[in-house]
$ cat upload.txt   # compact mmCIF, C-alpha atoms
# COMPACT_ATOMS: atom_id res chain seq x y z
CA GLU Q 19 1.25 29.30 -16.41
CA TYR Q 20 4.03 29.13 -18.99
CA ARG Q 21 5.57 26.12 -17.27
CA LEU Q 22 2.26 24.29 -17.01
CA ARG Q 23 1.60 25.00 -20.68
CA ARG Q 24 5.09 23.78 -21.57
CA ARG Q 25 4.48 20.58 -19.61
CA ARG Q 26 1.17 19.95 -21.38
CA ASP Q 27 2.75 20.65 -24.76
CA ALA Q 28 5.65 18.30 -24.06
CA ARG Q 29 3.25 15.47 -23.27
CA ARG Q 30 0.99 16.20 -26.21
CA VAL Q 31 3.89 16.34 -28.69
CA GLN Q 32 5.15 12.98 -27.48
CA LEU Q 33 1.82 11.18 -27.83
CA GLY Q 34 2.19 8.41 -30.36
CA GLN Q 35 5.98 8.50 -30.10
CA ARG Q 36 8.10 5.98 -28.22
CA ALA Q 37 9.83 7.25 -25.11
CA GLN Q 38 13.43 6.46 -24.31
CA ALA Q 39 13.18 4.18 -21.30
CA ARG Q 40 15.51 2.49 -18.85
CA HIS Q 41 13.95 -0.29 -16.80
CA LEU Q 42 15.41 -2.69 -14.28
CA SER Q 43 14.30 -6.24 -15.03
CA ALA Q 44 13.70 -6.84 -11.31
CA LEU Q 45 10.96 -4.20 -11.33
CA VAL Q 46 9.28 -4.55 -14.72
CA ARG Q 47 8.08 -8.14 -14.77
CA GLU Q 48 5.90 -10.37 -16.88
CA PRO Q 49 2.31 -9.05 -16.92
CA SER Q 50 0.14 -10.49 -14.15
CA PRO Q 51 -3.40 -9.63 -13.09
CA LEU Q 52 -3.62 -6.81 -10.54
CA ILE Q 53 -6.52 -7.54 -8.22
CA GLY Q 54 -7.94 -4.97 -5.85
CA ARG Q 55 -5.62 -2.21 -7.03
CA ALA Q 56 -7.84 -0.32 -9.47
CA SER Q 57 -7.91 2.79 -7.28
CA ALA Q 58 -4.10 2.89 -7.03
CA LEU Q 59 -3.76 2.56 -10.81
CA ALA Q 60 -6.35 5.29 -11.31
CA ALA Q 61 -4.45 7.57 -8.94
CA LEU Q 62 -1.21 6.98 -10.85
CA ASN Q 63 -2.90 7.72 -14.18
CA PHE Q 64 -4.49 10.85 -12.74
CA ALA Q 65 -1.17 12.08 -11.34
CA TRP Q 66 0.56 11.55 -14.69
CA SER Q 67 -2.18 13.33 -16.64
CA ASN Q 68 -2.50 16.23 -14.16
CA THR Q 69 0.12 18.84 -14.95
CA SER Q 70 -0.06 20.40 -11.49
CA ILE Q 71 1.05 17.21 -9.70
CA HIS Q 72 4.82 16.81 -9.45
CA ALA Q 73 5.18 13.69 -7.30
CA LEU Q 74 3.32 10.66 -5.98
CA SER Q 75 4.23 8.39 -3.07
CA LEU Q 76 2.88 4.83 -2.91
CA GLU Q 77 3.04 3.71 0.73
CA GLY Q 78 2.45 0.29 2.28
CA CYS Q 79 4.02 -2.39 4.44
CA GLY Q 80 6.50 -4.86 2.99
CA GLY Q 81 4.75 -7.31 0.68
CA SER Q 82 1.62 -5.20 0.22
CA GLY Q 83 2.16 -5.09 -3.55
CA LYS Q 84 3.71 -1.67 -4.17
CA THR Q 85 6.24 -2.93 -6.70
CA ALA Q 86 3.59 -5.07 -8.41
CA VAL Q 87 1.33 -2.02 -8.82
CA ILE Q 88 4.16 0.07 -10.29
CA SER Q 89 5.21 -2.79 -12.56
CA GLY Q 90 1.65 -3.26 -13.82
CA TRP Q 91 1.25 0.47 -14.37
CA LEU Q 92 4.50 0.67 -16.36
CA GLN Q 93 3.40 -2.30 -18.47
CA GLU Q 94 0.15 -0.47 -19.19
CA LEU Q 95 1.95 2.78 -20.05
CA SER Q 96 4.47 1.07 -22.31
CA GLY Q 97 1.62 -0.18 -24.46
CA ARG Q 98 0.54 3.44 -24.93
CA HIS Q 99 4.02 4.86 -25.57
CA TYR Q 100 4.14 6.19 -21.99
CA LEU Q 101 1.48 8.80 -22.76
CA GLY Q 102 3.83 11.64 -23.56
CA ALA Q 103 6.86 10.89 -21.39
CA GLU Q 104 10.06 11.79 -23.21
CA ARG Q 105 12.20 9.73 -20.83
CA VAL Q 106 11.32 6.94 -18.38
CA PHE Q 107 13.85 6.01 -15.71
CA VAL Q 108 13.19 3.28 -13.14
CA TRP Q 109 15.45 2.57 -10.17
CA ASP Q 110 15.11 -0.16 -7.55
CA PHE Q 111 16.76 0.77 -4.24
CA ASP Q 112 15.93 -2.67 -2.86
CA ALA Q 113 18.54 -4.03 -5.27
CA THR Q 114 21.22 -1.97 -3.50
CA ALA Q 115 19.89 -2.51 0.03
CA ASN Q 116 23.19 -4.06 1.16
CA ASP Q 117 25.14 -0.95 0.16
CA SER Q 118 25.57 2.09 2.37
CA ALA Q 119 23.19 4.98 1.67
CA ALA Q 120 26.07 7.00 0.19
CA VAL Q 121 27.04 4.21 -2.21
CA SER Q 122 23.43 3.53 -3.14
CA GLU Q 123 22.82 7.22 -3.83
CA GLU Q 124 25.95 7.51 -5.96
CA ARG Q 125 25.06 4.46 -8.03
CA PHE Q 126 21.61 5.91 -8.70
CA LEU Q 127 22.83 9.42 -9.56
CA SER Q 128 25.57 8.13 -11.83
CA ALA Q 129 23.16 5.88 -13.69
CA LEU Q 130 20.60 8.69 -14.02
CA CYS Q 131 23.19 11.18 -15.31
CA THR Q 132 24.51 8.64 -17.81
CA PHE Q 133 20.98 7.88 -19.02
CA LEU Q 134 20.19 11.58 -19.48
CA GLY Q 135 23.51 12.27 -21.19
CA ILE Q 136 24.90 14.58 -18.51
CA GLU Q 137 28.67 14.70 -18.92
CA THR Q 138 30.59 12.33 -16.69
CA GLU Q 139 33.08 15.03 -15.59
CA PHE Q 140 30.30 16.60 -13.53
CA HIS Q 141 29.43 13.39 -11.70
CA LYS Q 142 31.79 14.09 -8.82
CA HIS Q 143 30.71 17.70 -8.33
CA SER Q 144 27.39 17.38 -6.49
CA SER Q 145 26.32 21.03 -6.78
CA GLU Q 146 26.90 21.17 -10.53
CA ARG Q 147 25.35 17.76 -11.05
CA LEU Q 148 22.29 18.83 -9.05
CA ARG Q 149 21.99 22.04 -11.07
CA ARG Q 150 22.15 20.18 -14.36
CA LEU Q 151 19.66 17.55 -13.24
CA GLY Q 152 17.22 20.21 -12.07
CA GLU Q 153 17.59 22.03 -15.36
CA TYR Q 154 16.99 18.83 -17.33
CA PHE Q 155 13.84 17.94 -15.40
CA SER Q 156 12.50 21.47 -15.91
CA ARG Q 157 12.57 21.16 -19.70
CA VAL Q 158 12.02 17.45 -20.44
CA ALA Q 159 8.98 15.36 -19.44
CA ILE Q 160 10.60 12.56 -17.43
CA LEU Q 161 8.79 9.81 -15.56
CA LEU Q 162 11.13 8.98 -12.67
CA VAL Q 163 10.25 5.89 -10.62
CA LEU Q 164 12.12 5.21 -7.35
CA ASP Q 165 11.17 1.86 -5.83
CA GLY Q 166 12.03 1.27 -2.17
CA LEU Q 167 13.13 4.85 -1.48
CA ASP Q 168 12.85 4.30 2.28
CA ARG Q 169 15.98 2.13 2.05
CA LEU Q 170 17.92 5.41 2.24
CA LEU Q 171 16.48 6.44 5.60
CA PRO Q 172 18.94 6.54 8.53
CA ALA Q 173 18.98 3.19 10.31
CA GLY Q 174 17.17 3.13 13.64
CA ALA Q 175 16.47 6.86 13.77
CA ALA Q 176 13.44 8.98 12.95
CA SER Q 177 14.29 11.51 10.25
CA ASP Q 178 12.49 13.66 7.72
CA GLU Q 179 15.36 13.35 5.28
CA LEU Q 180 17.12 10.52 3.47
CA GLU Q 181 20.76 9.72 4.13
CA ALA Q 182 21.37 11.03 0.62
CA PRO Q 183 21.85 14.81 0.52
CA THR Q 184 22.01 15.24 -3.25
CA LEU Q 185 18.94 13.07 -3.80
CA ASN Q 186 17.10 14.99 -1.05
CA ALA Q 187 17.91 18.23 -2.82
CA LEU Q 188 16.84 16.81 -6.19
CA ILE Q 189 13.50 15.63 -4.79
CA ASN Q 190 12.89 19.08 -3.33
CA LYS Q 191 13.57 20.59 -6.75
CA LEU Q 192 11.15 18.16 -8.39
CA LEU Q 193 8.47 18.95 -5.81
CA THR Q 194 8.85 22.62 -6.70
CA PHE Q 195 8.53 21.98 -10.41
CA ASN Q 196 9.19 19.37 -13.08
CA LEU Q 197 7.69 18.69 -16.47
CA GLY Q 198 7.21 15.01 -15.71
CA LEU Q 199 6.40 13.06 -12.55
CA LEU Q 200 8.31 11.52 -9.65
CA VAL Q 201 6.82 8.25 -8.37
CA ALA Q 202 8.27 6.66 -5.23
CA THR Q 203 7.36 3.58 -3.23
CA THR Q 204 8.09 3.34 0.47
CA ARG Q 205 7.19 1.15 3.43
CA THR Q 206 6.89 4.16 5.70
CA PRO Q 207 5.70 7.74 5.07
CA LEU Q 208 8.66 9.98 4.23
CA GLY Q 209 8.98 13.41 5.81
CA ILE Q 210 10.25 14.93 2.57
CA PHE Q 211 6.86 14.12 1.02
CA SER Q 212 4.78 14.86 4.11
CA LEU Q 213 5.96 18.47 4.07
CA ALA Q 214 5.05 19.00 0.41
CA GLN Q 215 1.95 20.98 -0.52
CA ARG Q 216 -1.03 18.82 -1.39
CA GLU Q 217 -1.47 20.65 -4.69
CA VAL Q 218 1.78 19.18 -6.06
CA MET Q 219 1.98 15.89 -4.13
CA ARG Q 220 -0.22 12.81 -3.89
CA ARG Q 221 0.18 10.05 -1.29
CA ILE Q 222 -1.49 6.66 -1.77
CA SER Q 223 -1.75 4.12 1.04
CA LEU Q 224 -1.83 0.50 -0.12
CA GLY Q 225 -3.71 -1.73 2.31
CA ASN Q 226 -4.50 -5.43 2.42
CA LEU Q 227 -6.97 -7.07 0.07
CA SER Q 228 -10.59 -7.77 0.97
CA ARG Q 229 -11.74 -11.37 1.36
CA GLU Q 230 -13.28 -11.39 -2.12
CA GLU Q 231 -10.16 -9.89 -3.67
CA ALA Q 232 -7.92 -12.33 -1.80
CA LEU Q 233 -9.91 -15.32 -3.09
CA LEU Q 234 -9.68 -13.95 -6.63
CA LEU Q 235 -5.91 -13.57 -6.25
CA LEU Q 236 -5.56 -17.20 -5.13
CA LYS Q 237 -7.64 -18.35 -8.10
CA SER Q 238 -5.70 -16.20 -10.57
CA ARG Q 239 -2.45 -17.79 -9.43
CA GLY Q 240 -3.73 -21.32 -9.88
CA ALA Q 241 -4.28 -22.29 -6.25
CA ILE Q 242 -5.85 -25.72 -5.80
CA GLY Q 243 -8.07 -26.72 -2.90
CA ASP Q 244 -11.63 -26.57 -1.68
CA SER Q 245 -13.28 -23.38 -0.51
CA ARG Q 246 -12.66 -24.26 3.14
CA ILE Q 247 -8.90 -24.47 2.65
CA GLN Q 248 -8.77 -21.27 0.61
CA GLY Q 249 -10.97 -19.49 3.14
CA GLU Q 250 -8.55 -20.53 5.90
CA VAL Q 251 -5.64 -19.18 3.87
CA VAL Q 252 -7.37 -15.82 3.38
CA GLU Q 253 -8.20 -15.60 7.07
CA GLN Q 254 -4.68 -16.44 8.23
CA THR Q 255 -2.96 -14.08 5.79
CA ALA Q 256 -5.41 -11.23 6.52
CA GLY Q 257 -5.38 -10.30 2.82
CA HIS Q 258 -1.62 -9.57 2.73
CA ALA Q 259 -0.71 -9.69 -0.97
CA LEU Q 260 2.74 -11.34 -0.81
CA SER Q 261 1.54 -13.89 1.76
CA LEU Q 262 -1.36 -14.78 -0.53
CA CYS Q 263 0.96 -15.22 -3.51
CA CYS Q 264 3.24 -17.50 -1.49
CA ALA Q 265 0.21 -19.41 -0.18
CA ALA Q 266 -1.11 -19.83 -3.73
CA ASP Q 267 2.19 -21.41 -4.78
CA MET Q 268 1.96 -23.76 -1.79
CA LEU Q 269 -1.63 -24.63 -2.64
CA LYS Q 270 -0.73 -25.56 -6.21
CA SER Q 271 0.61 -28.83 -4.81
CA TYR Q 272 -2.56 -29.44 -2.78
CA ARG Q 273 -4.06 -32.91 -3.08
CA GLU Q 274 -6.87 -33.82 -0.73
CA GLU Q 275 -5.87 -37.48 -0.65
CA THR Q 276 -2.35 -36.68 0.59
CA GLY Q 277 -3.69 -34.93 3.67
CA PHE Q 278 -2.28 -31.46 2.89
CA PHE Q 279 -2.54 -29.12 5.85
CA PHE Q 280 -2.00 -25.40 5.46
CA SER Q 281 0.62 -24.20 7.92
CA LEU Q 282 0.73 -20.52 8.84
CA ASP Q 283 4.20 -20.97 10.36
CA ARG Q 284 5.46 -22.48 7.11
CA LEU Q 285 3.87 -19.67 5.12
CA LEU Q 286 5.43 -16.99 7.31
CA SER Q 287 8.88 -18.53 6.86
CA VAL Q 288 8.39 -18.52 3.07
CA VAL Q 289 7.22 -14.90 3.10
CA ALA Q 290 10.17 -13.84 5.27
CA GLY Q 291 12.52 -15.33 2.70
CA SER Q 292 10.76 -13.53 -0.15
CA GLU Q 293 10.76 -9.97 1.18

$ encode --input "upload.txt" --output "structure tokens"
Amino acid sequence: EYRLRRRRDARRVQLGQRAQARHLSALVREPSPLIGRASALAALNFAWSNTSIHALSLEGCGGSGKTAVISGWLQELSGRHYLGAERVFVWDFDATANDSAAVSEERFLSALCTFLGIETEFHKHSSERLRRLGEYFSRVAILLVLDGLDRLLPAGAASDELEAPTLNALINKLLTFNLGLLVATTRTPLGIFSLAQREVMRRISLGNLSREEALLLLKSRGAIGDSRIQGEVVEQTAGHALSLCCAADMLKSYREETGFFFSLDRLLSVVAGSE
């Protein structure tokens, strides 16, 4: 009860104050309309406001819009001073996808320790670094966002744990208790979250958009073309968010007199290059 009260107090004290935040420009983008994602945003807001929830996992296939949802949510929170967060740290593991898991983990942990002011001499001592990180998260309300966490899974093997032992241990600590909230996006359900108690963990599955939502997304991105063409696009993309965005960009050049024909093969090649 003391810890829950401390967490509530930390958030209440910070209301109206500006949090210290570290964002990666690749994740926090220019504001854009989020269509069909109201329930995901509501779940994120609920998790942040509920002191008993320690972590949330946003799950969906590549291109389903996980990063866009997190980016939109962070934009919303920033306009409200992050609603009591004392620190906000965002890390994009997709940006280090070409590194080994060990290198990617070390880059993340070093950046996090530097941001939180944990002395650099402890960076190379994993047990001491883990202890200090756990202690910090237990007394400061931190919003920690890990985008593309599944990048640290072992290649080609089923595993409940990431190929990142210190990060695994830190996540387990945060699932046990933290004053803030851990938010992770992943293309596949992670065992480390699946084993967590429902009382402290929320998992959100992000599916494809409905036909109505898909048509709204095309319109919001300036797609040109008659309803037949746009209907064909929606049908062929099956409401996949990234495919629709790529299709909308293709449709911007649509001119009926030039005989534009929507090509699913062309779209798929564009999407493959965007993921």

$ closest_residue --input "upload.txt" --among "Q:Leu199, Q:Ala256, Q:Leu188, Q:Leu130" --to "Ala103 in chain Q" --atoms "all atoms listed in the file"
Q:Leu199

$ residues_around --input "upload.txt" --residues "range 68-78 of chain Q" --least-positions-apart "5" --cutoff "8 Å" --atoms "all atoms listed in the file" --output "tab-separated table (two decimals) with C-alpha atoms, keeping the file's coordinate frame"
chain	number	residue	atom	x	y	z
Q	22	LEU	CA	2.26	24.29	-17.01
Q	25	ARG	CA	4.48	20.58	-19.61
Q	26	ARG	CA	1.17	19.95	-21.38
Q	62	LEU	CA	-1.21	6.98	-10.85
Q	83	GLY	CA	2.16	-5.09	-3.55
Q	84	LYS	CA	3.71	-1.67	-4.17
Q	192	LEU	CA	11.15	18.16	-8.39
Q	193	LEU	CA	8.47	18.95	-5.81
Q	194	THR	CA	8.85	22.62	-6.70
Q	195	PHE	CA	8.53	21.98	-10.41
Q	196	ASN	CA	9.19	19.37	-13.08
Q	197	LEU	CA	7.69	18.69	-16.47
Q	198	GLY	CA	7.21	15.01	-15.71
Q	199	LEU	CA	6.40	13.06	-12.55
Q	200	LEU	CA	8.31	11.52	-9.65
Q	201	VAL	CA	6.82	8.25	-8.37
Q	202	ALA	CA	8.27	6.66	-5.23
Q	203	THR	CA	7.36	3.58	-3.23
Q	204	THR	CA	8.09	3.34	0.47
Q	205	ARG	CA	7.19	1.15	3.43
Q	206	THR	CA	6.89	4.16	5.70
Q	207	PRO	CA	5.70	7.74	5.07
Q	211	PHE	CA	6.86	14.12	1.02
Q	217	GLU	CA	-1.47	20.65	-4.69
Q	218	VAL	CA	1.78	19.18	-6.06
Q	219	MET	CA	1.98	15.89	-4.13
Q	220	ARG	CA	-0.22	12.81	-3.89
Q	221	ARG	CA	0.18	10.05	-1.29
Q	222	ILE	CA	-1.49	6.66	-1.77
Q	223	SER	CA	-1.75	4.12	1.04
Q	224	LEU	CA	-1.83	0.50	-0.12
Q	225	GLY	CA	-3.71	-1.73	2.31

$ closest_residue --input "upload.txt" --among "Q:Leu185, Q:Ala159, Q:Cys131, Q:Val251" --to "Ser67 in chain Q" --atoms "all atoms listed in the file"
Q:Ala159

$ closest_residue --input "upload.txt" --among "Q:Arg125, Q:Arg157, Q:Arg169, Q:His258" --to "Phe111 in chain Q" --atoms "only C-alpha atoms"
Q:Arg169

$ atom_distance --input "upload.txt" --atom1 "CA of Gly166 in chain Q" --atom2 "CA of Ala241 in chain Q"
28.9 Å

$ atom_distance --input "upload.txt" --atom1 "CA of Ser122 in chain Q" --atom2 "CA of Leu213 in chain Q"
24.1 Å

$ closest_residue --input "upload.txt" --among "Q:Gln215, Q:Ser228, Q:Ser238, Q:Ser145" --to "Leu52 in chain Q" --atoms "all atoms listed in the file"
Q:Ser238

$ closest_residue --input "upload.txt" --among "Q:Val108, Q:Leu151, Q:Ala259, Q:Ile160" --to "Glu137 in chain Q" --atoms "only C-alpha atoms"
Q:Leu151

$ closest_residue --input "upload.txt" --among "Q:Leu92, Q:Leu180, Q:Val158, Q:Val87" --to "Ser57 in chain Q" --atoms "all atoms listed in the file"
Q:Val87

$ decode --input "upload.txt" --residues "range 159-192 of chain Q" --atoms "N, CA and C atoms" --output "PDB file, in the first residue's frame"
ATOM      1  N   ALA Q 159       8.940   8.099 -10.902  1.00  0.00           N
ATOM      2  CA  ALA Q 159       7.909   7.721 -11.878  1.00  0.00           C
ATOM      3  C   ALA Q 159       8.448   7.912 -13.290  1.00  0.00           C
ATOM      4  N   ILE Q 160       8.880   6.800 -13.910  1.00  0.00           N
ATOM      5  CA  ILE Q 160       9.489   6.837 -15.236  1.00  0.00           C
ATOM      6  C   ILE Q 160       8.580   6.145 -16.240  1.00  0.00           C
ATOM      7  N   LEU Q 161       8.325   6.805 -17.343  1.00  0.00           N
ATOM      8  CA  LEU Q 161       7.648   6.174 -18.470  1.00  0.00           C
ATOM      9  C   LEU Q 161       8.731   5.673 -19.418  1.00  0.00           C
ATOM     10  N   LEU Q 162       8.875   4.354 -19.493  1.00  0.00           N
ATOM     11  CA  LEU Q 162       9.911   3.723 -20.314  1.00  0.00           C
ATOM     12  C   LEU Q 162       9.247   3.054 -21.513  1.00  0.00           C
ATOM     13  N   VAL Q 163       9.588   3.502 -22.713  1.00  0.00           N
ATOM     14  CA  VAL Q 163       8.991   2.977 -23.939  1.00  0.00           C
ATOM     15  C   VAL Q 163      10.068   2.252 -24.743  1.00  0.00           C
ATOM     16  N   LEU Q 164       9.834   0.966 -25.018  1.00  0.00           N
ATOM     17  CA  LEU Q 164      10.768   0.142 -25.784  1.00  0.00           C
ATOM     18  C   LEU Q 164      10.073  -0.308 -27.067  1.00  0.00           C
ATOM     19  N   ASP Q 165      10.427   0.301 -28.173  1.00  0.00           N
ATOM     20  CA  ASP Q 165       9.792  -0.009 -29.456  1.00  0.00           C
ATOM     21  C   ASP Q 165      10.581  -1.103 -30.170  1.00  0.00           C
ATOM     22  N   GLY Q 166       9.877  -2.138 -30.645  1.00  0.00           N
ATOM     23  CA  GLY Q 166      10.548  -3.224 -31.355  1.00  0.00           C
ATOM     24  C   GLY Q 166      11.366  -4.125 -30.454  1.00  0.00           C
ATOM     25  N   LEU Q 167      10.849  -4.414 -29.267  1.00  0.00           N
ATOM     26  CA  LEU Q 167      11.602  -5.214 -28.287  1.00  0.00           C
ATOM     27  C   LEU Q 167      11.884  -6.622 -28.797  1.00  0.00           C
ATOM     28  N   ASP Q 168      11.022  -7.135 -29.673  1.00  0.00           N
ATOM     29  CA  ASP Q 168      11.216  -8.494 -30.182  1.00  0.00           C
ATOM     30  C   ASP Q 168      12.476  -8.639 -31.024  1.00  0.00           C
ATOM     31  N   ARG Q 169      13.110  -7.523 -31.387  1.00  0.00           N
ATOM     32  CA  ARG Q 169      14.371  -7.576 -32.130  1.00  0.00           C
ATOM     33  C   ARG Q 169      15.462  -8.291 -31.328  1.00  0.00           C
ATOM     34  N   LEU Q 170      15.275  -8.386 -30.014  1.00  0.00           N
ATOM     35  CA  LEU Q 170      16.283  -9.018 -29.158  1.00  0.00           C
ATOM     36  C   LEU Q 170      15.996 -10.493 -28.907  1.00  0.00           C
ATOM     37  N   LEU Q 171      14.988 -11.047 -29.559  1.00  0.00           N
ATOM     38  CA  LEU Q 171      14.734 -12.480 -29.431  1.00  0.00           C
ATOM     39  C   LEU Q 171      15.799 -13.268 -30.182  1.00  0.00           C
ATOM     40  N   PRO Q 172      16.138 -14.469 -29.707  1.00  0.00           N
ATOM     41  CA  PRO Q 172      17.112 -15.305 -30.434  1.00  0.00           C
ATOM     42  C   PRO Q 172      16.619 -15.601 -31.842  1.00  0.00           C
ATOM     43  N   ALA Q 173      17.504 -15.511 -32.810  1.00  0.00           N
ATOM     44  CA  ALA Q 173      17.120 -15.733 -34.204  1.00  0.00           C
ATOM     45  C   ALA Q 173      16.775 -17.196 -34.449  1.00  0.00           C
ATOM     46  N   GLY Q 174      15.607 -17.423 -35.048  1.00  0.00           N
ATOM     47  CA  GLY Q 174      15.217 -18.754 -35.474  1.00  0.00           C
ATOM     48  C   GLY Q 174      14.966 -19.757 -34.372  1.00  0.00           C
ATOM     49  N   ALA Q 175      14.723 -19.284 -33.164  1.00  0.00           N
ATOM     50  CA  ALA Q 175      14.482 -20.224 -32.055  1.00  0.00           C
ATOM     51  C   ALA Q 175      13.390 -19.673 -31.148  1.00  0.00           C
ATOM     52  N   ALA Q 176      12.518 -20.566 -30.707  1.00  0.00           N
ATOM     53  CA  ALA Q 176      11.471 -20.156 -29.769  1.00  0.00           C
ATOM     54  C   ALA Q 176      12.083 -19.987 -28.386  1.00  0.00           C
ATOM     55  N   SER Q 177      11.802 -18.859 -27.747  1.00  0.00           N
ATOM     56  CA  SER Q 177      12.378 -18.606 -26.426  1.00  0.00           C
ATOM     57  C   SER Q 177      11.466 -17.669 -25.655  1.00  0.00           C
ATOM     58  N   ASP Q 178      11.413 -17.879 -24.345  1.00  0.00           N
ATOM     59  CA  ASP Q 178      10.642 -16.991 -23.482  1.00  0.00           C
ATOM     60  C   ASP Q 178      11.435 -15.763 -23.072  1.00  0.00           C
ATOM     61  N   GLU Q 179      12.738 -15.783 -23.344  1.00  0.00           N
ATOM     62  CA  GLU Q 179      13.586 -14.691 -22.890  1.00  0.00           C
ATOM     63  C   GLU Q 179      14.313 -14.036 -24.057  1.00  0.00           C
ATOM     64  N   LEU Q 180      14.634 -12.766 -23.878  1.00  0.00           N
ATOM     65  CA  LEU Q 180      15.408 -12.026 -24.859  1.00  0.00           C
ATOM     66  C   LEU Q 180      16.870 -12.451 -24.773  1.00  0.00           C
ATOM     67  N   GLU Q 181      17.592 -12.213 -25.862  1.00  0.00           N
ATOM     68  CA  GLU Q 181      19.032 -12.449 -25.859  1.00  0.00           C
ATOM     69  C   GLU Q 181      19.734 -11.253 -25.216  1.00  0.00           C
ATOM     70  N   ALA Q 182      19.259 -10.885 -24.048  1.00  0.00           N
ATOM     71  CA  ALA Q 182      19.739  -9.687 -23.358  1.00  0.00           C
ATOM     72  C   ALA Q 182      19.524  -9.907 -21.866  1.00  0.00           C
ATOM     73  N   PRO Q 183      20.433 -10.580 -21.190  1.00  0.00           N
ATOM     74  CA  PRO Q 183      20.196 -11.002 -19.802  1.00  0.00           C
ATOM     75  C   PRO Q 183      19.938  -9.860 -18.825  1.00  0.00           C
ATOM     76  N   THR Q 184      20.672  -8.768 -18.952  1.00  0.00           N
ATOM     77  CA  THR Q 184      20.460  -7.660 -18.017  1.00  0.00           C
ATOM     78  C   THR Q 184      19.106  -7.005 -18.246  1.00  0.00           C
ATOM     79  N   LEU Q 185      18.723  -6.850 -19.513  1.00  0.00           N
ATOM     80  CA  LEU Q 185      17.425  -6.264 -19.819  1.00  0.00           C
ATOM     81  C   LEU Q 185      16.308  -7.198 -19.371  1.00  0.00           C
ATOM     82  N   ASN Q 186      16.478  -8.506 -19.551  1.00  0.00           N
ATOM     83  CA  ASN Q 186      15.499  -9.473 -19.038  1.00  0.00           C
ATOM     84  C   ASN Q 186      15.298  -9.291 -17.540  1.00  0.00           C
ATOM     85  N   ALA Q 187      16.403  -9.189 -16.831  1.00  0.00           N
ATOM     86  CA  ALA Q 187      16.336  -9.044 -15.375  1.00  0.00           C
ATOM     87  C   ALA Q 187      15.682  -7.720 -14.986  1.00  0.00           C
ATOM     88  N   LEU Q 188      15.982  -6.659 -15.734  1.00  0.00           N
ATOM     89  CA  LEU Q 188      15.374  -5.352 -15.446  1.00  0.00           C
ATOM     90  C   LEU Q 188      13.868  -5.398 -15.675  1.00  0.00           C
ATOM     91  N   ILE Q 189      13.437  -6.012 -16.771  1.00  0.00           N
ATOM     92  CA  ILE Q 189      12.005  -6.120 -17.049  1.00  0.00           C
ATOM     93  C   ILE Q 189      11.307  -6.891 -15.933  1.00  0.00           C
ATOM     94  N   ASN Q 190      11.915  -7.967 -15.480  1.00  0.00           N
ATOM     95  CA  ASN Q 190      11.324  -8.734 -14.377  1.00  0.00           C
ATOM     96  C   ASN Q 190      11.183  -7.886 -13.122  1.00  0.00           C
ATOM     97  N   LYS Q 191      12.179  -7.040 -12.861  1.00  0.00           N
ATOM     98  CA  LYS Q 191      12.093  -6.132 -11.715  1.00  0.00           C
ATOM     99  C   LYS Q 191      10.935  -5.154 -11.892  1.00  0.00           C
ATOM    100  N   LEU Q 192      10.793  -4.618 -13.110  1.00  0.00           N
ATOM    101  CA  LEU Q 192       9.738  -3.641 -13.361  1.00  0.00           C
ATOM    102  C   LEU Q 192       8.358  -4.276 -13.295  1.00  0.00           C
TER     103      LEU Q 192
END
